[in-house]
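Asks: Sharing final09.cif, mmCIF, C-alpha atoms:
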```
data_upload
#
loop_
_atom_site.label_atom_id
_atom_site.label_comp_id
_atom_site.auth_asym_id
_atom_site.auth_seq_id
_atom_site.Cartn_x
_atom_site.Cartn_y
_atom_site.Cartn_z
CA MET A 1 0.00 0.00 0.00
CA ASN A 2 2.93 2.33 0.62
CA GLU A 3 3.89 2.59 -3.06
CA MET A 4 0.29 3.60 -3.91
CA LYS A 5 0.47 6.75 -1.81
CA PRO A 6 2.65 9.07 -3.95
CA LYS A 7 0.60 8.14 -7.07
CA THR A 8 -2.72 9.05 -5.48
CA GLY A 9 -1.00 12.21 -4.22
CA VAL A 10 -0.12 13.33 -7.76
CA ILE A 11 -3.60 12.53 -9.13
CA ALA A 12 -5.27 14.29 -6.21
CA GLY A 13 -3.00 17.30 -6.78
CA LEU A 14 -3.91 17.58 -10.46
CA ALA A 15 -7.57 16.91 -9.77
CA ASN A 16 -7.84 19.72 -7.24
CA PRO A 17 -10.58 21.93 -8.75
CA THR A 18 -8.73 25.21 -8.06
CA ARG A 19 -5.53 23.92 -9.66
CA PHE A 20 -7.57 22.50 -12.55
CA LEU A 21 -9.15 25.92 -13.14
CA SER A 22 -5.83 27.78 -13.22
CA LEU A 23 -4.10 25.14 -15.38
CA SER A 24 -6.99 24.78 -17.85
CA GLY A 25 -7.38 28.56 -18.01
CA ARG A 26 -3.83 28.87 -19.27
CA LEU A 27 -4.24 25.89 -21.63
CA MET A 28 -7.54 27.06 -23.16
CA PRO A 29 -6.24 29.64 -25.74
CA PHE A 30 -3.74 27.11 -27.13
CA MET A 31 -6.39 24.39 -27.35
CA ILE A 32 -8.75 26.71 -29.25
CA ALA A 33 -5.96 27.81 -31.63
CA VAL A 34 -4.83 24.22 -32.36
CA THR A 35 -8.45 23.12 -32.93
CA LEU A 36 -9.10 25.95 -35.42
CA ILE A 37 -5.84 25.34 -37.31
CA LEU A 38 -6.51 21.58 -37.53
CA PHE A 39 -10.08 22.14 -38.75
CA ALA A 40 -8.90 24.63 -41.38
CA ALA A 41 -6.26 22.15 -42.62
CA GLY A 42 -8.59 19.14 -42.39
CA LEU A 43 -11.49 20.78 -44.24
CA TYR A 44 -9.12 22.11 -46.91
CA LEU A 45 -7.65 18.61 -47.44
CA SER A 46 -11.16 17.10 -47.44
CA PHE A 47 -12.30 19.36 -50.25
CA ILE A 48 -9.19 19.07 -52.47
CA SER A 49 -8.89 15.26 -52.09
CA GLU A 50 -9.90 13.12 -55.06
CA ALA A 51 -13.28 11.47 -55.55
CA ASP A 52 -13.71 7.76 -54.83
CA TYR A 53 -13.83 5.35 -57.78
CA GLN A 54 -17.38 4.21 -56.96
CA GLN A 55 -18.79 6.72 -54.44
CA GLY A 56 -17.68 9.83 -56.32
CA ASN A 57 -17.84 13.01 -54.23
CA THR A 58 -20.07 11.36 -51.64
CA VAL A 59 -16.85 9.99 -50.11
CA ARG A 60 -16.29 13.44 -48.56
CA ILE A 61 -19.09 12.77 -46.07
CA MET A 62 -16.69 10.23 -44.55
CA TYR A 63 -14.39 13.03 -43.31
CA ILE A 64 -17.24 14.36 -41.15
CA HIS A 65 -18.89 11.03 -40.35
CA VAL A 66 -16.03 8.73 -39.32
CA PRO A 67 -14.29 11.10 -36.84
CA ALA A 68 -17.69 11.93 -35.30
CA ALA A 69 -18.38 8.21 -34.81
CA TRP A 70 -14.91 7.62 -33.31
CA LEU A 71 -15.29 10.56 -30.94
CA SER A 72 -18.75 9.43 -29.87
CA MET A 73 -17.10 6.25 -28.58
CA MET A 74 -13.99 7.94 -27.17
CA CYS A 75 -16.17 10.40 -25.25
CA TYR A 76 -18.00 7.46 -23.69
CA MET A 77 -14.69 5.88 -22.61
CA VAL A 78 -13.61 9.21 -21.04
CA MET A 79 -16.94 9.23 -19.17
CA ALA A 80 -16.41 5.62 -18.06
CA VAL A 81 -13.00 6.50 -16.57
CA ALA A 82 -14.57 9.51 -14.84
CA ALA A 83 -17.39 7.27 -13.56
CA LEU A 84 -14.76 5.03 -11.94
CA GLY A 85 -13.30 8.18 -10.36
CA THR A 86 -16.73 9.02 -8.97
CA LEU A 87 -17.50 5.56 -7.61
CA VAL A 88 -14.06 4.45 -6.37
CA TRP A 89 -12.25 7.65 -5.38
CA ARG A 90 -15.38 9.79 -4.78
CA HIS A 91 -13.65 12.71 -6.43
CA PRO A 92 -15.82 15.79 -7.19
CA LEU A 93 -13.81 16.63 -10.35
CA ALA A 94 -14.70 13.18 -11.75
CA ASP A 95 -18.40 14.00 -11.16
CA VAL A 96 -17.91 17.24 -13.08
CA ALA A 97 -15.98 15.42 -15.85
CA HIS A 98 -18.67 12.88 -16.76
CA LYS A 99 -21.56 15.29 -16.30
CA SER A 100 -20.06 17.82 -18.71
CA ALA A 101 -18.92 15.21 -21.27
CA ALA A 102 -22.36 13.63 -21.80
CA PRO A 103 -23.98 16.39 -23.93
CA ILE A 104 -20.82 16.62 -26.09
CA GLY A 105 -20.89 12.87 -26.65
CA ALA A 106 -24.58 13.02 -27.55
CA ALA A 107 -23.81 15.77 -30.09
CA PHE A 108 -21.03 13.72 -31.74
CA THR A 109 -23.27 10.64 -31.87
CA PHE A 110 -26.09 12.67 -33.42
CA LEU A 111 -23.66 14.06 -36.02
CA ALA A 112 -22.48 10.52 -36.86
CA LEU A 113 -26.07 9.27 -37.23
CA LEU A 114 -27.11 12.28 -39.32
CA THR A 115 -24.14 12.21 -41.72
CA GLY A 116 -24.38 8.43 -41.98
CA SER A 117 -28.01 8.78 -42.99
CA LEU A 118 -27.13 11.40 -45.62
CA TRP A 119 -24.48 9.02 -47.02
CA GLY A 120 -26.74 5.97 -46.84
CA LYS A 121 -29.48 7.32 -49.10
CA PRO A 122 -27.36 7.77 -52.25
CA MET A 123 -25.05 4.78 -51.59
CA TRP A 124 -27.28 2.07 -50.11
CA GLY A 125 -30.63 3.40 -51.24
CA ALA A 126 -31.98 3.82 -47.69
CA TRP A 127 -31.79 6.61 -45.10
CA TRP A 128 -31.83 4.13 -42.25
CA VAL A 129 -31.73 0.35 -41.73
CA TRP A 130 -31.93 -1.57 -38.46
CA ASP A 131 -28.68 -3.48 -38.84
CA ALA A 132 -26.41 -4.25 -35.87
CA ARG A 133 -24.03 -1.29 -36.35
CA LEU A 134 -26.69 1.38 -36.84
CA THR A 135 -28.85 0.02 -34.05
CA SER A 136 -25.97 -0.18 -31.54
CA VAL A 137 -24.95 3.42 -32.31
CA PHE A 138 -28.57 4.50 -31.90
CA ILE A 139 -28.54 2.77 -28.49
CA LEU A 140 -25.39 4.76 -27.65
CA PHE A 141 -27.29 7.95 -28.50
CA LEU A 142 -30.18 6.89 -26.24
CA MET A 143 -27.66 6.04 -23.47
CA TYR A 144 -26.25 9.57 -23.67
CA LEU A 145 -29.74 11.07 -23.46
CA GLY A 146 -30.59 8.80 -20.51
CA ILE A 147 -27.40 9.74 -18.64
CA ILE A 148 -28.06 13.46 -19.22
CA ALA A 149 -31.67 13.10 -18.04
CA LEU A 150 -30.74 11.06 -14.95
CA ASN A 151 -28.00 13.48 -13.91
CA ARG A 152 -30.38 16.44 -14.13
CA ALA A 153 -33.32 14.64 -12.55
CA VAL A 154 -31.53 14.23 -9.21
CA ASP A 155 -31.13 17.46 -7.22
CA GLU A 156 -28.25 16.54 -4.96
CA PRO A 157 -25.06 16.69 -7.10
CA GLN A 158 -23.18 13.85 -5.37
CA ARG A 159 -26.11 11.45 -5.59
CA ALA A 160 -26.75 12.45 -9.22
CA ALA A 161 -23.08 11.79 -10.05
CA ARG A 162 -23.11 8.37 -8.38
CA LEU A 163 -26.32 7.22 -10.04
CA SER A 164 -25.25 8.35 -13.51
CA ALA A 165 -21.79 6.80 -12.97
CA ILE A 166 -23.47 3.41 -12.45
CA LEU A 167 -25.53 3.92 -15.61
CA ILE A 168 -22.39 4.88 -17.54
CA LEU A 169 -20.53 1.74 -16.43
CA VAL A 170 -23.49 -0.47 -17.36
CA GLY A 171 -23.51 1.10 -20.84
CA VAL A 172 -19.78 0.49 -21.39
CA ILE A 173 -20.64 -2.99 -22.70
CA ASN A 174 -22.15 -1.28 -25.77
CA ILE A 175 -18.78 0.13 -26.92
CA PRO A 176 -17.14 -3.21 -27.96
CA ILE A 177 -20.49 -4.23 -29.47
CA ILE A 178 -20.46 -1.11 -31.68
CA LYS A 179 -16.83 -1.67 -32.69
CA PHE A 180 -17.15 -5.37 -33.54
CA SER A 181 -20.80 -5.45 -34.72
CA VAL A 182 -19.64 -5.33 -38.34
CA ASP A 183 -17.40 -8.39 -37.82
CA TRP A 184 -19.73 -10.51 -35.68
CA TRP A 185 -22.89 -10.17 -37.76
CA ASN A 186 -23.90 -9.56 -41.36
CA THR A 187 -24.54 -5.84 -41.49
CA LEU A 188 -25.31 -3.42 -44.27
CA HIS A 189 -22.69 -1.08 -42.80
CA GLN A 190 -19.24 -1.82 -44.24
CA PRO A 191 -16.54 -3.40 -42.03
CA ALA A 192 -13.72 -1.31 -40.55
CA SER A 193 -11.46 0.35 -43.13
CA VAL A 194 -8.86 2.07 -40.96
CA ILE A 195 -8.46 0.28 -37.61
CA ARG A 196 -8.05 -3.36 -38.62
CA LEU A 197 -5.43 -6.05 -38.08
CA ASP A 198 -4.19 -6.31 -41.69
CA GLY A 199 -3.79 -2.55 -42.16
CA PRO A 200 -6.10 0.10 -43.67
CA THR A 201 -8.03 -0.74 -46.85
CA ILE A 202 -8.42 2.93 -47.56
CA ASP A 203 -6.15 4.68 -50.03
CA PRO A 204 -3.58 7.12 -48.52
CA VAL A 205 -5.23 9.87 -50.62
CA PHE A 206 -8.28 9.58 -48.34
CA LEU A 207 -6.40 8.57 -45.19
CA TRP A 208 -4.55 11.89 -44.81
CA PRO A 209 -7.58 14.20 -44.73
CA LEU A 210 -9.32 11.67 -42.47
CA ALA A 211 -6.37 11.61 -40.04
CA VAL A 212 -6.21 15.42 -39.85
CA MET A 213 -9.98 15.63 -39.36
CA ALA A 214 -9.84 12.97 -36.64
CA LEU A 215 -7.13 14.98 -34.84
CA ALA A 216 -9.20 18.16 -35.26
CA TYR A 217 -12.28 16.44 -33.78
CA THR A 218 -10.20 15.12 -30.87
CA PHE A 219 -8.89 18.59 -30.04
CA ALA A 220 -12.39 20.03 -30.47
CA PHE A 221 -13.70 17.46 -28.02
CA PHE A 222 -11.11 18.20 -25.34
CA THR A 223 -11.47 21.97 -25.82
CA MET A 224 -15.24 21.76 -25.40
CA HIS A 225 -14.95 19.28 -22.55
CA ILE A 226 -12.50 21.41 -20.55
CA ALA A 227 -14.62 24.52 -21.20
CA ALA A 228 -17.77 22.68 -20.06
CA MET A 229 -15.96 21.39 -16.94
CA ARG A 230 -14.83 24.93 -16.06
CA ASN A 231 -18.40 26.19 -16.43
CA GLU A 232 -19.71 23.36 -14.25
CA ILE A 233 -17.16 24.07 -11.51
CA TYR A 234 -18.07 27.78 -11.52
CA ARG A 235 -21.79 26.88 -11.55
CA ARG A 236 -21.29 24.71 -8.45
CA ARG A 237 -19.31 27.47 -6.72
CA VAL A 238 -22.05 29.99 -7.44
CA ALA A 239 -24.64 27.56 -6.06
CA ALA A 240 -22.52 27.03 -2.91
CA MET A 241 -22.07 30.79 -2.42
CA ARG A 242 -25.82 31.35 -2.83
CA ARG A 243 -26.50 28.77 -0.16
CA VAL A 244 -24.05 30.47 2.22
CA ALA A 245 -25.56 33.88 1.48
CA ALA A 246 -29.08 32.57 2.02
CA THR A 247 -28.12 31.02 5.37
CA ARG A 248 -26.49 34.28 6.48
CA ALA A 249 -29.47 36.33 5.45
CA GLU A 250 -31.76 34.01 7.38
CA LYS A 251 -29.62 34.35 10.50
CA GLY A 252 -29.58 38.13 10.07
CA MET A 253 -33.38 38.18 9.93
CA GLN A 254 -33.65 36.17 13.13
CA SER A 255 -31.22 38.24 15.19
CA MET B 10 -8.46 -4.75 1.05
CA ASN B 11 -9.18 -1.14 1.83
CA ARG B 12 -12.46 0.57 0.92
CA LYS B 13 -11.32 1.83 -2.48
CA GLN B 14 -10.10 -1.59 -3.57
CA LYS B 15 -13.36 -3.11 -2.34
CA ARG B 16 -15.41 -0.64 -4.41
CA LEU B 17 -13.20 -1.32 -7.44
CA ALA B 18 -13.72 -5.08 -6.99
CA VAL B 19 -17.50 -4.65 -6.75
CA ILE B 20 -17.53 -2.53 -9.94
CA ALA B 21 -15.28 -4.99 -11.81
CA GLY B 22 -17.54 -7.84 -10.72
CA GLY B 23 -20.68 -5.98 -11.80
CA VAL B 24 -19.31 -5.01 -15.21
CA GLY B 25 -18.04 -8.58 -15.72
CA PHE B 26 -21.46 -9.98 -14.80
CA ILE B 27 -23.24 -7.68 -17.27
CA ALA B 28 -20.67 -8.51 -19.97
CA VAL B 29 -21.28 -12.26 -19.54
CA ALA B 30 -25.06 -11.74 -19.58
CA VAL B 31 -24.91 -9.64 -22.76
CA LEU B 32 -22.55 -12.13 -24.44
CA LEU B 33 -25.00 -14.97 -23.69
CA VAL B 34 -27.90 -12.95 -25.13
CA MET B 35 -25.89 -12.12 -28.24
CA PHE B 36 -24.89 -15.76 -28.66
CA ALA B 37 -28.53 -16.78 -28.44
CA LEU B 38 -29.63 -14.10 -30.91
CA SER B 39 -26.69 -14.39 -33.31
CA ARG B 40 -28.87 -15.59 -36.21
CA SER B 41 -31.61 -13.00 -35.80
CA VAL B 42 -29.26 -10.07 -35.11
CA SER B 43 -27.66 -10.58 -38.54
CA TYR B 44 -29.19 -8.10 -40.94
CA PHE B 45 -29.45 -10.56 -43.81
CA TYR B 46 -29.06 -14.23 -44.75
CA MET B 47 -26.65 -15.39 -47.43
CA PRO B 48 -27.64 -18.01 -50.02
CA SER B 49 -25.58 -20.73 -48.28
CA ASP B 50 -27.31 -19.94 -44.92
CA LEU B 51 -30.62 -20.58 -46.67
CA ALA B 52 -29.32 -23.86 -48.10
CA ASP B 53 -28.52 -25.01 -44.52
CA LYS B 54 -31.74 -23.75 -42.94
CA PRO B 55 -34.41 -23.04 -45.58
CA VAL B 56 -37.13 -20.50 -44.78
CA GLY B 57 -40.76 -21.17 -45.65
CA GLU B 58 -42.57 -19.84 -48.67
CA GLY B 59 -44.03 -16.37 -48.01
CA THR B 60 -41.80 -15.61 -44.99
CA ARG B 61 -40.34 -12.15 -45.25
CA ILE B 62 -36.52 -12.19 -45.08
CA ARG B 63 -33.49 -10.22 -46.21
CA LEU B 64 -31.12 -11.92 -48.61
CA GLY B 65 -27.57 -10.65 -49.10
CA GLY B 66 -24.65 -11.52 -51.36
CA LEU B 67 -22.91 -10.53 -54.56
CA VAL B 68 -24.73 -9.97 -57.85
CA GLU B 69 -23.40 -12.78 -60.07
CA GLU B 70 -21.45 -11.74 -63.18
CA GLY B 71 -23.60 -11.71 -66.31
CA SER B 72 -26.79 -12.56 -64.45
CA ILE B 73 -28.62 -9.21 -64.74
CA ARG B 74 -31.54 -9.44 -67.19
CA ARG B 75 -34.32 -6.93 -67.84
CA ALA B 76 -37.75 -8.52 -68.13
CA GLU B 77 -41.23 -7.19 -68.96
CA ASN B 78 -42.88 -4.45 -66.80
CA SER B 79 -39.50 -3.00 -65.75
CA ASN B 80 -38.73 -6.16 -63.82
CA VAL B 81 -35.07 -6.91 -63.19
CA LEU B 82 -33.83 -10.48 -62.77
CA PHE B 83 -30.46 -11.26 -61.24
CA THR B 84 -28.70 -13.97 -59.25
CA VAL B 85 -27.32 -13.39 -55.75
CA THR B 86 -24.36 -15.58 -54.85
CA ASP B 87 -21.98 -16.00 -51.93
CA GLY B 88 -19.58 -18.36 -53.69
CA SER B 89 -21.22 -21.57 -52.52
CA GLY B 90 -24.94 -20.98 -53.09
CA THR B 91 -27.07 -18.92 -55.48
CA VAL B 92 -30.60 -17.51 -55.38
CA GLU B 93 -32.58 -16.13 -58.33
CA VAL B 94 -34.04 -12.68 -57.48
CA ARG B 95 -36.84 -10.78 -59.24
CA TYR B 96 -37.30 -7.07 -58.50
CA ALA B 97 -39.42 -4.24 -59.90
CA GLY B 98 -38.33 -0.74 -58.92
CA ILE B 99 -35.48 1.75 -58.83
CA LEU B 100 -32.05 0.24 -58.25
CA PRO B 101 -29.45 2.14 -56.13
CA ASP B 102 -26.50 3.83 -57.88
CA LEU B 103 -24.00 1.23 -56.74
CA PHE B 104 -26.04 -1.72 -58.09
CA ARG B 105 -24.06 -3.65 -60.73
CA GLU B 106 -22.55 -7.04 -61.43
CA GLY B 107 -20.13 -8.14 -58.72
CA GLN B 108 -21.58 -5.63 -56.23
CA GLY B 109 -22.70 -6.66 -52.76
CA VAL B 110 -26.46 -6.18 -52.33
CA VAL B 111 -29.08 -6.78 -49.66
CA THR B 112 -32.58 -7.52 -50.94
CA GLU B 113 -35.77 -7.80 -48.93
CA GLY B 114 -38.77 -9.92 -49.93
CA ARG B 115 -40.31 -13.40 -50.03
CA PHE B 116 -39.76 -16.74 -51.73
CA ASP B 117 -42.50 -17.96 -54.07
CA GLY B 118 -43.39 -21.65 -54.52
CA ASN B 119 -40.77 -22.20 -57.25
CA GLY B 120 -37.71 -21.16 -55.19
CA ALA B 121 -37.46 -17.70 -56.80
CA PHE B 122 -37.06 -14.70 -54.52
CA HIS B 123 -39.41 -11.73 -55.09
CA ALA B 124 -37.69 -8.63 -53.69
CA ASP B 125 -39.47 -5.35 -52.96
CA THR B 126 -36.33 -3.57 -51.72
CA VAL B 127 -32.78 -3.69 -53.06
CA LEU B 128 -30.00 -1.99 -51.09
CA ALA B 129 -26.40 -1.78 -52.31
CA LYS B 130 -23.76 -2.78 -49.78
CA HIS B 131 -20.64 -0.66 -49.92
CA ASP B 132 -17.41 -2.51 -49.11
CA GLU B 133 -14.52 -1.30 -46.96
CA ASN B 134 -12.26 -0.36 -49.92
CA TYR B 135 -11.82 3.33 -50.65
CA MET B 136 -9.61 4.47 -53.55
CA PRO B 137 -9.51 7.15 -56.27
CA LYS B 138 -10.53 6.15 -59.81
CA GLU B 139 -6.93 6.30 -61.13
CA VAL B 140 -5.76 3.84 -58.48
CA ALA B 141 -8.65 1.48 -59.29
CA ASP B 142 -7.82 1.67 -63.02
CA ARG B 143 -4.12 1.04 -62.36
CA LEU B 144 -4.90 -1.99 -60.19
CA LYS B 145 -7.01 -3.39 -63.01
CA GLU B 146 -4.19 -2.81 -65.54
CA ASP B 147 -1.70 -4.55 -63.26
CA GLY B 148 -4.06 -7.49 -62.96
CA VAL B 149 -4.22 -7.42 -59.13
CA TRP B 150 -7.87 -6.33 -59.13
CA GLU B 151 -10.17 -8.74 -57.36
CA GLY B 152 -12.72 -9.02 -60.13
CA ARG B 153 -14.90 -6.03 -59.31
CA PRO B 154 -16.06 -4.28 -62.49
CA ALA B 155 -16.10 -0.48 -62.46
CA ARG B 156 -18.98 1.91 -63.20
CA ASP B 157 -19.10 1.15 -66.92
CA CYS B 158 -21.17 -2.05 -66.70
#
```
Represent the structure of the file as structure tokens.
Replies:
Amino acid sequence: MNEMKPKTGVIAGLANPTRFLSLSGRLMPFMIAVTLILFAAGLYLSFISEADYQQGNTVRIMYIHVPAAWLSMMCYMVMAVAALGTLVWRHPLADVAHKSAAPIGAAFTFLALLTGSLWGKPMWGAWWVWDARLTSVFILFLMYLGIIALNRAVDEPQRAARLSAILILVGVINIPIIKFSVDWWNTLHQPASVIRLDGPTIDPVFLWPLAVMALAYTFAFFTMHIAAMRNEIYRRRVAAMRRVAATRAEKGMQS
Amino acid sequence: MNRKQKRLAVIAGGVGFIAVAVLLVMFALSRSVSYFYMPSDLADKPVGEGTRIRLGGLVEEGSIRRAENSNVLFTVTDGSGTVEVRYAGILPDLFREGQGVVTEGRFDGNGAFHADTVLAKHDENYMPKEVADRLKEDGVWEGRPARDC
């Protein structure tokens, strides 16, 4: 147990809300700048890249769709780690982390579903099909909405965080199902093109814009997540101050 | 074990329990979760006449024929089995010989499949047209005809 102590000390130090606010405040401008530069480069590369031999220009939807789908899953994994922080270490910053990540994850999932639908109509001939991949991503979207609703339905922040952390950890099982649904079952959705054992089956011409866009999405996610966490911390401080002020005012009335 | 390790163990146990439960459900549902059957699946376990199913596979080379009343006839194959499909309607852009398709409909009494929906299945290969043409010239193309068919 003795070798555990310095490690928890470092994590606790970084996770101190006041230190988090000062550190993230300094980091924020750089994060925003990097995100904007990456999006400018990624969108430029997406529009100048060649058309696909059978999809034509429709292939460009991939640069919006695939990173959104990746981020929708990565966001959930970030929330799962934060949920562990809530349940095991009872850390308030972990509560803030998964509460503020959920709406961002829902937005990325919605973007993936929407762009996938727009691609599906011209390529497959259907806006939507209930195959294993599409259905499991739709369940992920519903999970996000459920987590958001549960967290806001409970008034006491600590209890809300604990309940939604349990829901988050139950939903983690959906992430490997989404990833491997295209390998385990016959689906209309194509199998993985980039992250696969025998290397990408996607031409480098398309891989470069996709990689830059994926990086841009990742930075966008962390920028928005840190900003949302800062807002949530300030919101909780304001609520705490209001409570103190209200108690004082009450005492003043009585005396 | 201290309290944190105990909580971690409870969570690990719970997640493991749910994972096993979900795996069992998926194992039990594996046939019905699949979006479509392939011709060889139907050879193993035939479905009854009039039962609505989805049939998937590749459109066999040289099997597309236009019949009366804008009907299209083609054969769906998965290498080991074939099914004759009849369809009346608008075909998706990607529909052509050698293309993966998913059709939805019913078998009639004579073993022919009457589809009312045809969806094209896009594969995982993405490349520009020049690369596709070069692969075909070099003879390393895996037998997928391009748009011109």
Asks: With 12 Å as the threshold, what does the neighbourhood of (-19.6, -6.4, -37.2) contain in terms of residues, counting all atoms listed in the file? Coordinates are those of the file; answer as a list of chain:residue names.
Replies: A:Asp131, A:Ala132, A:Arg133, A:Leu134, A:Thr135, A:Ser136, A:Pro176, A:Ile177, A:Ile178, A:Lys179, A:Phe180, A:Ser181, A:Val182, A:Asp183, A:Trp184, A:Trp185, A:Asn186, A:Thr187, A:Leu188, A:His189, A:Gln190, A:Pro191, A:Ala192, B:Ser39, B:Val42, B:Ser43, B:Tyr44
Asks: Leaving out Phe20 (chain A) and any residue of its chain fewer than 2 positions from it, which residues lie within 12 Å of it when counting only C-alpha atoms, given as an MDAnalysis selection string?
Replies: chainID A and resid 11:18 22:28 92:94 96:97 226:227 229:230 233:234
Asks: Please save C-alpha atoms of the selected residues as a PDB file, in the frame of the given file.
Replies:
```pdb
ATOM      1  CA  ILE A  11      -3.600  12.530  -9.130  1.00  0.00           C
ATOM      2  CA  ALA A  12      -5.270  14.290  -6.210  1.00  0.00           C
ATOM      3  CA  GLY A  13      -3.000  17.300  -6.780  1.00  0.00           C
ATOM      4  CA  LEU A  14      -3.910  17.580 -10.460  1.00  0.00           C
ATOM      5  CA  ALA A  15      -7.570  16.910  -9.770  1.00  0.00           C
ATOM      6  CA  ASN A  16      -7.840  19.720  -7.240  1.00  0.00           C
ATOM      7  CA  PRO A  17     -10.580  21.930  -8.750  1.00  0.00           C
ATOM      8  CA  THR A  18      -8.730  25.210  -8.060  1.00  0.00           C
ATOM      9  CA  SER A  22      -5.830  27.780 -13.220  1.00  0.00           C
ATOM     10  CA  LEU A  23      -4.100  25.140 -15.380  1.00  0.00           C
ATOM     11  CA  SER A  24      -6.990  24.780 -17.850  1.00  0.00           C
ATOM     12  CA  GLY A  25      -7.380  28.560 -18.010  1.00  0.00           C
ATOM     13  CA  ARG A  26      -3.830  28.870 -19.270  1.00  0.00           C
ATOM     14  CA  LEU A  27      -4.240  25.890 -21.630  1.00  0.00           C
ATOM     15  CA  MET A  28      -7.540  27.060 -23.160  1.00  0.00           C
ATOM     16  CA  PRO A  92     -15.820  15.790  -7.190  1.00  0.00           C
ATOM     17  CA  LEU A  93     -13.810  16.630 -10.350  1.00  0.00           C
ATOM     18  CA  ALA A  94     -14.700  13.180 -11.750  1.00  0.00           C
ATOM     19  CA  VAL A  96     -17.910  17.240 -13.080  1.00  0.00           C
ATOM     20  CA  ALA A  97     -15.980  15.420 -15.850  1.00  0.00           C
ATOM     21  CA  ILE A 226     -12.500  21.410 -20.550  1.00  0.00           C
ATOM     22  CA  ALA A 227     -14.620  24.520 -21.200  1.00  0.00           C
ATOM     23  CA  MET A 229     -15.960  21.390 -16.940  1.00  0.00           C
ATOM     24  CA  ARG A 230     -14.830  24.930 -16.060  1.00  0.00           C
ATOM     25  CA  ILE A 233     -17.160  24.070 -11.510  1.00  0.00           C
ATOM     26  CA  TYR A 234     -18.070  27.780 -11.520  1.00  0.00           C
TER      27      TYR A 234
END
```
Asks: Residues of chain B within 7 Å of chain A, counting only C-alpha atoms, what are they? List them as an MDAnalysis selection string.
Replies: chainID B and resid 13 16:17 24 28 42:45 101:103 128:138 141 156
Asks: Which residues match the PyMOL selection byres ((chain A and resi 158) around 9) in the file above, as a list in words?
Replies: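 Against this file, the PyMOL selection byres ((chain A and resi 158) around 9) returns the residues Thr86, Arg90, Pro92, Asp95, Asp155, Glu156, Pro157, Arg159, Ala160, Ala161, Arg162 and Leu163 of chain A.
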Asks: Write the residues of the selection above to a file with C-alpha atoms, as a short mmCIF file (atom, residue, chain, number, x, y, z; two decimals), in the frame of the given file.
Replies:
```
data_model
loop_
_atom_site.label_atom_id
_atom_site.label_comp_id
_atom_site.auth_asym_id
_atom_site.auth_seq_id
_atom_site.Cartn_x
_atom_site.Cartn_y
_atom_site.Cartn_z
CA THR A 86 -16.73 9.02 -8.97
CA ARG A 90 -15.38 9.79 -4.78
CA PRO A 92 -15.82 15.79 -7.19
CA ASP A 95 -18.40 14.00 -11.16
CA ASP A 155 -31.13 17.46 -7.22
CA GLU A 156 -28.25 16.54 -4.96
CA PRO A 157 -25.06 16.69 -7.10
CA ARG A 159 -26.11 11.45 -5.59
CA ALA A 160 -26.75 12.45 -9.22
CA ALA A 161 -23.08 11.79 -10.05
CA ARG A 162 -23.11 8.37 -8.38
CA LEU A 163 -26.32 7.22 -10.04
#
```
Asks: Enter the distance from CA of Leu82 (chain B) to CA of Asp53 (chain B), in Å, rounded to one decimal.
Replies: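 So the two atoms, CA of Leu82 (chain B) and CA of Asp53 (chain B), lie 23.9 Å apart.
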Asks: If the PyMOL selection byres ((chain A and resi 213-221) around 8) were run on this exact file, what residues would it hold? Put them as a PDB file with C-alpha atoms, keeping the file's coordinate frame.
Replies:
```
ATOM      1  CA  MET A  31      -6.390  24.390 -27.350  1.00  0.00           C
ATOM      2  CA  ILE A  32      -8.750  26.710 -29.250  1.00  0.00           C
ATOM      3  CA  VAL A  34      -4.830  24.220 -32.360  1.00  0.00           C
ATOM      4  CA  THR A  35      -8.450  23.120 -32.930  1.00  0.00           C
ATOM      5  CA  LEU A  36      -9.100  25.950 -35.420  1.00  0.00           C
ATOM      6  CA  LEU A  38      -6.510  21.580 -37.530  1.00  0.00           C
ATOM      7  CA  PHE A  39     -10.080  22.140 -38.750  1.00  0.00           C
ATOM      8  CA  GLY A  42      -8.590  19.140 -42.390  1.00  0.00           C
ATOM      9  CA  LEU A  43     -11.490  20.780 -44.240  1.00  0.00           C
ATOM     10  CA  TYR A  63     -14.390  13.030 -43.310  1.00  0.00           C
ATOM     11  CA  ILE A  64     -17.240  14.360 -41.150  1.00  0.00           C
ATOM     12  CA  VAL A  66     -16.030   8.730 -39.320  1.00  0.00           C
ATOM     13  CA  PRO A  67     -14.290  11.100 -36.840  1.00  0.00           C
ATOM     14  CA  ALA A  68     -17.690  11.930 -35.300  1.00  0.00           C
ATOM     15  CA  LEU A  71     -15.290  10.560 -30.940  1.00  0.00           C
ATOM     16  CA  CYS A  75     -16.170  10.400 -25.250  1.00  0.00           C
ATOM     17  CA  ILE A 104     -20.820  16.620 -26.090  1.00  0.00           C
ATOM     18  CA  PRO A 209      -7.580  14.200 -44.730  1.00  0.00           C
ATOM     19  CA  LEU A 210      -9.320  11.670 -42.470  1.00  0.00           C
ATOM     20  CA  ALA A 211      -6.370  11.610 -40.040  1.00  0.00           C
ATOM     21  CA  VAL A 212      -6.210  15.420 -39.850  1.00  0.00           C
ATOM     22  CA  PHE A 222     -11.110  18.200 -25.340  1.00  0.00           C
ATOM     23  CA  THR A 223     -11.470  21.970 -25.820  1.00  0.00           C
ATOM     24  CA  MET A 224     -15.240  21.760 -25.400  1.00  0.00           C
ATOM     25  CA  HIS A 225     -14.950  19.280 -22.550  1.00  0.00           C
TER      26      HIS A 225
END
```
